[in-house]
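I have placed the structure first, in the form of structure tokens, so that the comments after it can refer back to it.
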2 protein chains.
Amino acid sequence: MKSTAQASEPCCPPAKEQADLRPVEGDEADEELATLAKALAHPARVKIVRILIRKNACICGDIVDELPLAQSTVSQHLKVLKDAGLIRGDVDGPRVCYCIEPHALRRLRALVGGL
Amino acid sequence: MKSTAQASEPCCPPAKEQADLRPVEGDEADEELATLAKALAHPARVKIVRILIRKNACICGDIVDELPLAQSTVSQHLKVLKDAGLIRGDVDGPRVCYCIEPHALRRLRALVGGL
DNA sequence: GTGGTCCATCGTAGAGGAACGATGAAGTCG
DNA sequence: CGACTTCATCGTTCCTCTACGATGGACCAC
């Protein structure tokens with residue numbers, strides 16, 4: 001069951017639609033917004049996020065094929081996004097399946113909207 | 001000459017509410033979002049933006065008093081924000097009057113929302 | 001003019017980011 | 001088992017960011 005089937009492997013379960021009650025202002029919110037913004041502060045990482053949103057199912061190293069960067073560089077960018085909480089990576093056999101963390105994206109929108 | 005600059009006049013006139021027709025996807029949008037995100041990728045700069053929004057009129061070096069940073073450091077952060085197009089600085093006598101660029105903020109919201 | 005305030009810029013030191021190739025761990029297939 | 005794939009991590013180089021004090025320009029009051 002593991003033959004290059006795109007958008008069929010559900011490694012990213014439908015996240016529960018739970019409201020985020022944290023404030024959108026204050027020192028903590030500032031730090032949080034700065035962290036999320038820093039994660040998006042590179043065009044390659046913006047592209048990665050877009051790719052993961054477009055193929056809402058998760059993919060692994062197809063990202064490398066879509067970017068003009070070395071595999072190790074892409075892996076670094078993925079790590080930055082993961083450390084910021086924007087994406088998730090689940091091991092699936094020999095591959096790793098990345099996907100968006102929808103609540104982090106919502107949180108980012110809330111913080112930017114709160115400006 | 002410009003002798004009509006009175007103290008009570010906000011140096012930031014109500015910007016025209018002109019819609020931004022540029023796309024929220026594509027390579028250019030990626031670069032743009034990365035640039036704006038990088039400008040917000042530091043807590044001090046997030047705080048500066050909030051200060052300028054709160055006092056919707058413009059202020060100058062009161063920002064320095066609100067931050068635990070040296071004047072030169074704050075000036076550098078202001079330059080980063082200005083270069084990114086997020087704020088504007090108008091010289092008003094011996095002071096400089098900073099204020100938000102509302103259309104840049106709207107653009108940022110559109111780009112983040114377009115994710 | 002002199003003196004004082006406000007602010008940008010310079011110079012510098014240290015920390016962190018971005019890129020790559022090389023290496024190796026973990027897993028799959030024959 | 002052995003060969004191959006996939007990906008993270010290491011080590012390196014170069015460049016940018018962040019912070020500060022010091023310097024100097026522009027402006028106002030006197």
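In the structure tokens, each chain is lettered A, B, ... as it comes, each chain's residues begin at 1, and ligands are numbered from 1 in order of appearance.
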
Same-sequence overlay, chain A on chain B, C-alpha least squares, as a CSV table (one decimal) with N, CA and C atoms, in the first residue's frame:
chain,number,residue,atom,x,y,z
A,1,MET,N,5.0,76.7,15.1
A,1,MET,CA,4.0,75.6,15.0
A,1,MET,C,4.6,74.3,15.3
A,2,LYS,N,5.7,74.3,16.0
A,2,LYS,CA,6.4,73.0,16.1
A,2,LYS,C,6.6,72.7,17.6
A,3,SER,N,5.7,72.8,18.4
A,3,SER,CA,5.9,72.6,19.8
A,3,SER,C,5.1,71.4,20.3
A,4,THR,N,5.8,70.2,20.2
A,4,THR,CA,5.3,69.0,20.9
A,4,THR,C,3.8,68.8,20.9
A,5,ALA,N,3.2,69.1,19.7
A,5,ALA,CA,1.8,68.8,19.6
A,5,ALA,C,1.6,67.4,19.1
A,6,GLN,N,1.1,66.5,19.9
A,6,GLN,CA,0.9,65.2,19.4
A,6,GLN,C,-0.4,65.0,18.7
A,7,ALA,N,-0.4,64.2,17.7
A,7,ALA,CA,-1.6,63.9,16.9
A,7,ALA,C,-2.2,65.1,16.2
A,8,SER,N,-1.3,66.1,15.9
A,8,SER,CA,-1.9,67.2,15.2
A,8,SER,C,-1.1,67.5,13.9
A,9,GLU,N,0.1,67.0,13.8
A,9,GLU,CA,0.9,67.2,12.6
A,9,GLU,C,0.6,66.1,11.6
A,10,PRO,N,0.0,66.5,10.5
A,10,PRO,CA,-0.4,65.5,9.5
A,10,PRO,C,0.7,65.1,8.5
A,11,CYS,N,1.8,64.5,9.0
A,11,CYS,CA,2.8,64.2,8.1
A,11,CYS,C,2.5,62.9,7.4
A,12,CYS,N,1.4,62.2,7.8
A,12,CYS,CA,1.0,61.0,7.1
A,12,CYS,C,-0.4,61.2,6.5
A,13,PRO,N,-0.4,61.6,5.3
A,13,PRO,CA,-1.7,61.9,4.7
A,13,PRO,C,-2.6,60.6,4.6
A,14,PRO,N,-3.9,60.8,4.6
A,14,PRO,CA,-4.7,59.6,4.5
A,14,PRO,C,-4.5,58.9,3.2
A,15,ALA,N,-3.9,57.7,3.3
A,15,ALA,CA,-3.6,56.9,2.2
A,15,ALA,C,-4.8,56.5,1.4
A,16,LYS,N,-4.7,56.5,0.1
A,16,LYS,CA,-5.9,56.2,-0.7
A,16,LYS,C,-6.2,54.7,-0.5
A,17,GLU,N,-7.4,54.4,-0.5
A,17,GLU,CA,-7.9,53.0,-0.2
A,17,GLU,C,-7.9,52.2,-1.5
A,18,GLN,N,-6.8,52.0,-2.0
A,18,GLN,CA,-6.7,51.3,-3.3
A,18,GLN,C,-6.5,49.8,-3.1
A,19,ALA,N,-7.2,49.0,-3.7
A,19,ALA,CA,-7.2,47.6,-3.5
A,19,ALA,C,-5.8,47.0,-4.1
A,20,ASP,N,-5.4,46.0,-3.4
A,20,ASP,CA,-4.1,45.4,-3.8
A,20,ASP,C,-4.5,44.1,-4.6
A,21,LEU,N,-4.2,44.1,-5.8
A,21,LEU,CA,-4.6,43.0,-6.7
A,21,LEU,C,-3.6,41.9,-6.8
A,22,ARG,N,-2.5,42.0,-6.1
A,22,ARG,CA,-1.5,41.0,-6.3
A,22,ARG,C,-1.9,39.7,-5.6
A,23,PRO,N,-1.4,38.6,-6.1
A,23,PRO,CA,-1.9,37.3,-5.6
A,23,PRO,C,-1.4,37.1,-4.2
A,24,VAL,N,-2.1,36.2,-3.4
A,24,VAL,CA,-1.6,35.9,-2.1
A,24,VAL,C,-1.0,34.5,-2.0
A,25,GLU,N,-0.7,34.0,-3.2
A,25,GLU,CA,0.0,32.7,-3.3
A,25,GLU,C,1.1,32.8,-4.3
A,26,GLY,N,1.9,31.8,-4.4
A,26,GLY,CA,3.0,31.7,-5.4
A,26,GLY,C,4.3,32.2,-4.8
A,27,ASP,N,5.3,32.0,-5.6
A,27,ASP,CA,6.7,32.3,-5.1
A,27,ASP,C,6.8,33.7,-4.7
A,28,GLU,N,6.3,34.6,-5.4
A,28,GLU,CA,6.5,36.0,-5.0
A,28,GLU,C,5.8,36.3,-3.7
A,29,ALA,N,4.6,35.8,-3.6
A,29,ALA,CA,3.8,36.0,-2.4
A,29,ALA,C,4.6,35.4,-1.2
A,30,ASP,N,5.2,34.2,-1.4
A,30,ASP,CA,6.0,33.6,-0.4
A,30,ASP,C,7.1,34.5,0.1
A,31,GLU,N,7.8,35.0,-0.9
A,31,GLU,CA,8.9,35.9,-0.5
A,31,GLU,C,8.4,37.2,0.2
A,32,GLU,N,7.3,37.7,-0.3
A,32,GLU,CA,6.8,38.9,0.3
A,32,GLU,C,6.4,38.6,1.8
A,33,LEU,N,5.7,37.5,2.0
A,33,LEU,CA,5.2,37.2,3.3
A,33,LEU,C,6.4,37.0,4.2
A,34,ALA,N,7.5,36.3,3.7
A,34,ALA,CA,8.7,36.0,4.5
A,34,ALA,C,9.3,37.4,4.9
A,35,THR,N,9.4,38.3,3.9
A,35,THR,CA,10.0,39.6,4.2
A,35,THR,C,9.2,40.4,5.3
A,36,LEU,N,7.9,40.4,5.1
A,36,LEU,CA,7.1,41.1,6.1
A,36,LEU,C,7.2,40.4,7.5
A,37,ALA,N,7.2,39.1,7.5
A,37,ALA,CA,7.2,38.4,8.7
A,37,ALA,C,8.6,38.6,9.4
A,38,LYS,N,9.6,38.7,8.6
A,38,LYS,CA,10.9,38.9,9.2
A,38,LYS,C,11.0,40.3,9.9
A,39,ALA,N,10.3,41.2,9.3
A,39,ALA,CA,10.3,42.6,9.9
A,39,ALA,C,9.6,42.6,11.2
A,40,LEU,N,8.7,41.7,11.4
A,40,LEU,CA,7.9,41.6,12.7
A,40,LEU,C,8.5,40.5,13.6
A,41,ALA,N,9.7,40.0,13.2
A,41,ALA,CA,10.2,38.8,14.0
A,41,ALA,C,11.0,39.2,15.2
A,42,HIS,N,10.7,40.4,15.7
A,42,HIS,CA,11.4,40.9,16.9
A,42,HIS,C,10.4,41.6,17.7
A,43,PRO,N,10.3,41.3,19.0
A,43,PRO,CA,9.3,42.0,19.9
A,43,PRO,C,9.4,43.5,19.8
A,44,ALA,N,10.6,44.0,19.8
A,44,ALA,CA,10.8,45.5,19.8
A,44,ALA,C,10.1,46.1,18.5
A,45,ARG,N,10.2,45.4,17.4
A,45,ARG,CA,9.6,45.9,16.2
A,45,ARG,C,8.1,45.8,16.2
A,46,VAL,N,7.6,44.7,16.9
A,46,VAL,CA,6.2,44.6,17.0
A,46,VAL,C,5.7,45.8,17.9
A,47,LYS,N,6.4,46.1,18.9
A,47,LYS,CA,6.0,47.2,19.8
A,47,LYS,C,6.0,48.5,19.0
A,48,ILE,N,7.1,48.7,18.2
A,48,ILE,CA,7.1,50.0,17.4
A,48,ILE,C,5.9,50.1,16.5
A,49,VAL,N,5.6,49.0,15.9
A,49,VAL,CA,4.4,49.0,15.0
A,49,VAL,C,3.2,49.4,15.8
A,50,ARG,N,3.0,48.8,16.9
A,50,ARG,CA,1.9,49.1,17.7
A,50,ARG,C,1.8,50.6,18.2
A,51,ILE,N,3.0,51.1,18.5
A,51,ILE,CA,3.0,52.5,18.9
A,51,ILE,C,2.6,53.4,17.8
A,52,LEU,N,3.1,53.1,16.6
A,52,LEU,CA,2.8,53.9,15.5
A,52,LEU,C,1.3,53.8,15.1
A,53,ILE,N,0.7,52.7,15.4
A,53,ILE,CA,-0.7,52.5,15.1
A,53,ILE,C,-1.5,53.3,16.2
A,54,ARG,N,-1.1,53.1,17.4
A,54,ARG,CA,-1.9,53.7,18.5
A,54,ARG,C,-1.9,55.2,18.3
A,55,LYS,N,-0.8,55.9,18.2
A,55,LYS,CA,-0.7,57.3,17.9
A,55,LYS,C,-0.8,57.3,16.4
A,56,ASN,N,-2.0,57.4,15.8
A,56,ASN,CA,-2.1,57.2,14.4
A,56,ASN,C,-1.4,58.3,13.7
A,57,ALA,N,-1.3,59.5,14.4
A,57,ALA,CA,-0.4,60.5,13.8
A,57,ALA,C,1.0,60.0,14.0
A,58,CYS,N,2.0,60.6,13.4
A,58,CYS,CA,3.3,60.1,13.4
A,58,CYS,C,4.1,60.8,14.6
A,59,ILE,N,5.1,60.1,15.0
A,59,ILE,CA,6.0,60.6,16.0
A,59,ILE,C,7.4,60.3,15.6
A,60,CYS,N,8.3,60.8,16.4
A,60,CYS,CA,9.7,60.7,15.9
A,60,CYS,C,10.5,59.8,16.9
A,61,GLY,N,11.1,60.5,17.9
A,61,GLY,CA,12.0,59.7,18.8
A,61,GLY,C,11.3,59.5,20.1
A,62,ASP,N,10.0,59.7,20.2
A,62,ASP,CA,9.3,59.3,21.4
A,62,ASP,C,9.3,57.8,21.5
A,63,ILE,N,9.6,57.2,20.4
A,63,ILE,CA,9.7,55.7,20.4
A,63,ILE,C,10.8,55.3,21.3
A,64,VAL,N,11.9,56.0,21.2
A,64,VAL,CA,13.1,55.6,22.0
A,64,VAL,C,12.7,55.7,23.5
A,65,ASP,N,11.9,56.6,23.8
A,65,ASP,CA,11.5,56.8,25.2
A,65,ASP,C,10.6,55.6,25.7
A,66,GLU,N,9.9,55.0,24.8
A,66,GLU,CA,9.0,54.0,25.2
A,66,GLU,C,9.6,52.6,25.2
A,67,LEU,N,10.9,52.5,24.7
A,67,LEU,CA,11.5,51.2,24.6
A,67,LEU,C,12.8,51.2,25.4
A,68,PRO,N,13.1,50.1,26.0
A,68,PRO,CA,14.3,50.0,26.9
A,68,PRO,C,15.5,49.7,26.0
A,69,LEU,N,15.7,50.5,25.0
A,69,LEU,CA,16.8,50.2,24.1
A,69,LEU,C,17.5,51.5,23.8
A,70,ALA,N,18.8,51.4,23.3
A,70,ALA,CA,19.5,52.6,23.0
A,70,ALA,C,19.0,53.2,21.7
A,71,GLN,N,19.3,54.5,21.6
A,71,GLN,CA,18.7,55.2,20.4
A,71,GLN,C,19.2,54.6,19.1
A,72,SER,N,20.4,54.2,19.1
A,72,SER,CA,21.0,53.6,17.8
A,72,SER,C,20.3,52.3,17.5
A,73,THR,N,20.0,51.5,18.5
A,73,THR,CA,19.3,50.2,18.3
A,73,THR,C,17.9,50.5,17.8
A,74,VAL,N,17.2,51.4,18.4
A,74,VAL,CA,15.9,51.7,17.9
A,74,VAL,C,15.9,52.2,16.4
A,75,SER,N,16.9,53.0,16.1
A,75,SER,CA,17.1,53.5,14.8
A,75,SER,C,17.3,52.3,13.8
A,76,GLN,N,18.0,51.3,14.2
A,76,GLN,CA,18.2,50.1,13.4
A,76,GLN,C,16.9,49.4,13.1
A,77,HIS,N,16.1,49.2,14.2
A,77,HIS,CA,14.8,48.6,14.1
A,77,HIS,C,13.9,49.3,13.1
A,78,LEU,N,14.0,50.7,13.2
A,78,LEU,CA,13.1,51.5,12.4
A,78,LEU,C,13.6,51.3,10.9
A,79,LYS,N,14.8,51.2,10.7
A,79,LYS,CA,15.3,51.0,9.4
A,79,LYS,C,14.8,49.6,8.8
A,80,VAL,N,14.9,48.6,9.6
A,80,VAL,CA,14.4,47.3,9.2
A,80,VAL,C,12.9,47.4,8.8
A,81,LEU,N,12.1,48.1,9.6
A,81,LEU,CA,10.7,48.2,9.3
A,81,LEU,C,10.5,49.0,8.0
A,82,LYS,N,11.3,50.0,7.8
A,82,LYS,CA,11.2,50.9,6.7
A,82,LYS,C,11.6,50.1,5.4
A,83,ASP,N,12.7,49.4,5.5
A,83,ASP,CA,13.1,48.6,4.3
A,83,ASP,C,12.1,47.6,3.9
A,84,ALA,N,11.3,47.1,4.9
A,84,ALA,CA,10.3,46.1,4.6
A,84,ALA,C,9.0,46.8,4.1
A,85,GLY,N,9.0,48.1,4.1
A,85,GLY,CA,7.9,48.8,3.6
A,85,GLY,C,6.7,49.0,4.6
A,86,LEU,N,6.9,48.6,5.8
A,86,LEU,CA,5.9,48.6,6.8
A,86,LEU,C,5.6,50.0,7.3
A,87,ILE,N,6.7,50.8,7.4
A,87,ILE,CA,6.5,52.2,7.9
A,87,ILE,C,7.2,53.2,6.9
A,88,ARG,N,7.0,54.4,7.2
A,88,ARG,CA,7.5,55.5,6.4
A,88,ARG,C,8.1,56.5,7.3
A,89,GLY,N,9.1,57.2,6.9
A,89,GLY,CA,9.8,58.2,7.7
A,89,GLY,C,9.9,59.5,6.9
A,90,ASP,N,9.3,60.6,7.4
A,90,ASP,CA,9.4,61.9,6.7
A,90,ASP,C,10.2,62.8,7.6
A,91,VAL,N,11.1,63.5,7.0
A,91,VAL,CA,11.9,64.5,7.7
A,91,VAL,C,11.0,65.7,8.0
A,92,ASP,N,11.0,66.1,9.2
A,92,ASP,CA,10.2,67.3,9.6
A,92,ASP,C,11.1,68.1,10.5
A,93,GLY,N,11.9,69.0,9.8
A,93,GLY,CA,12.8,69.8,10.6
A,93,GLY,C,13.9,69.0,11.1
A,94,PRO,N,14.2,69.2,12.4
A,94,PRO,CA,15.3,68.4,13.0
A,94,PRO,C,14.8,67.0,13.3
A,95,ARG,N,13.6,66.7,13.3
A,95,ARG,CA,13.1,65.4,13.6
A,95,ARG,C,12.7,64.6,12.4
A,96,VAL,N,12.4,63.3,12.7
A,96,VAL,CA,11.9,62.5,11.6
A,96,VAL,C,10.5,61.9,12.1
A,97,CYS,N,9.6,61.9,11.2
A,97,CYS,CA,8.2,61.6,11.6
A,97,CYS,C,7.9,60.2,11.0
A,98,TYR,N,7.8,59.2,11.8
A,98,TYR,CA,7.5,57.9,11.3
A,98,TYR,C,6.0,57.6,11.4
A,99,CYS,N,5.5,56.8,10.5
A,99,CYS,CA,4.1,56.4,10.5
A,99,CYS,C,4.0,55.1,9.8
A,100,ILE,N,2.8,54.5,10.0
A,100,ILE,CA,2.5,53.2,9.4
A,100,ILE,C,2.2,53.4,7.9
A,101,GLU,N,2.6,52.4,7.1
A,101,GLU,CA,2.1,52.3,5.8
A,101,GLU,C,0.9,51.4,5.7
A,102,PRO,N,-0.3,52.0,5.7
A,102,PRO,CA,-1.5,51.2,5.9
A,102,PRO,C,-1.6,50.1,4.9
A,103,HIS,N,-1.2,50.4,3.6
A,103,HIS,CA,-1.4,49.4,2.6
A,103,HIS,C,-0.5,48.2,2.9
A,104,ALA,N,0.7,48.4,3.5
A,104,ALA,CA,1.5,47.3,3.8
A,104,ALA,C,0.9,46.4,4.9
A,105,LEU,N,0.2,47.1,5.8
A,105,LEU,CA,-0.4,46.3,6.9
A,105,LEU,C,-1.6,45.5,6.3
A,106,ARG,N,-2.3,46.1,5.4
A,106,ARG,CA,-3.4,45.4,4.7
A,106,ARG,C,-2.9,44.2,3.9
A,107,ARG,N,-1.8,44.5,3.3
A,107,ARG,CA,-1.2,43.4,2.5
A,107,ARG,C,-0.7,42.3,3.4
A,108,LEU,N,-0.1,42.6,4.5
A,108,LEU,CA,0.2,41.5,5.5
A,108,LEU,C,-1.0,40.7,5.9
A,109,ARG,N,-2.0,41.4,6.2
A,109,ARG,CA,-3.2,40.7,6.7
A,109,ARG,C,-3.8,39.8,5.6
A,110,ALA,N,-3.7,40.3,4.3
A,110,ALA,CA,-4.2,39.5,3.2
A,110,ALA,C,-3.3,38.3,3.0
A,111,LEU,N,-2.0,38.4,3.2
A,111,LEU,CA,-1.1,37.3,3.0
A,111,LEU,C,-1.3,36.3,4.1
A,112,VAL,N,-1.4,36.7,5.3
A,112,VAL,CA,-1.7,35.8,6.4
A,112,VAL,C,-3.0,35.1,6.3
A,113,GLY,N,-4.0,36.0,5.9
A,113,GLY,CA,-5.3,35.4,5.7
A,113,GLY,C,-5.4,34.4,4.6
A,114,GLY,N,-4.5,34.6,3.6
A,114,GLY,CA,-4.5,33.7,2.4
A,114,GLY,C,-3.8,32.4,2.8
A,115,LEU,N,-3.3,32.2,3.9
A,115,LEU,CA,-2.8,30.9,4.4
A,115,LEU,C,-4.0,30.0,4.7

Exercise for the section: With a cut-off of 12 Å and counting only C-alpha atoms (C1' of nucleotides), select all residues of chain C in contact with chain A and give the selection as a PyMOL selection string. Expected result: chain C and resi 17-23+25-29

Exercise for the section: Tell me the residues of chain D close to chain B, meaning within 9 Å using only C-alpha atoms (C1' of nucleotides), as a count of residues only. Expected result: 6
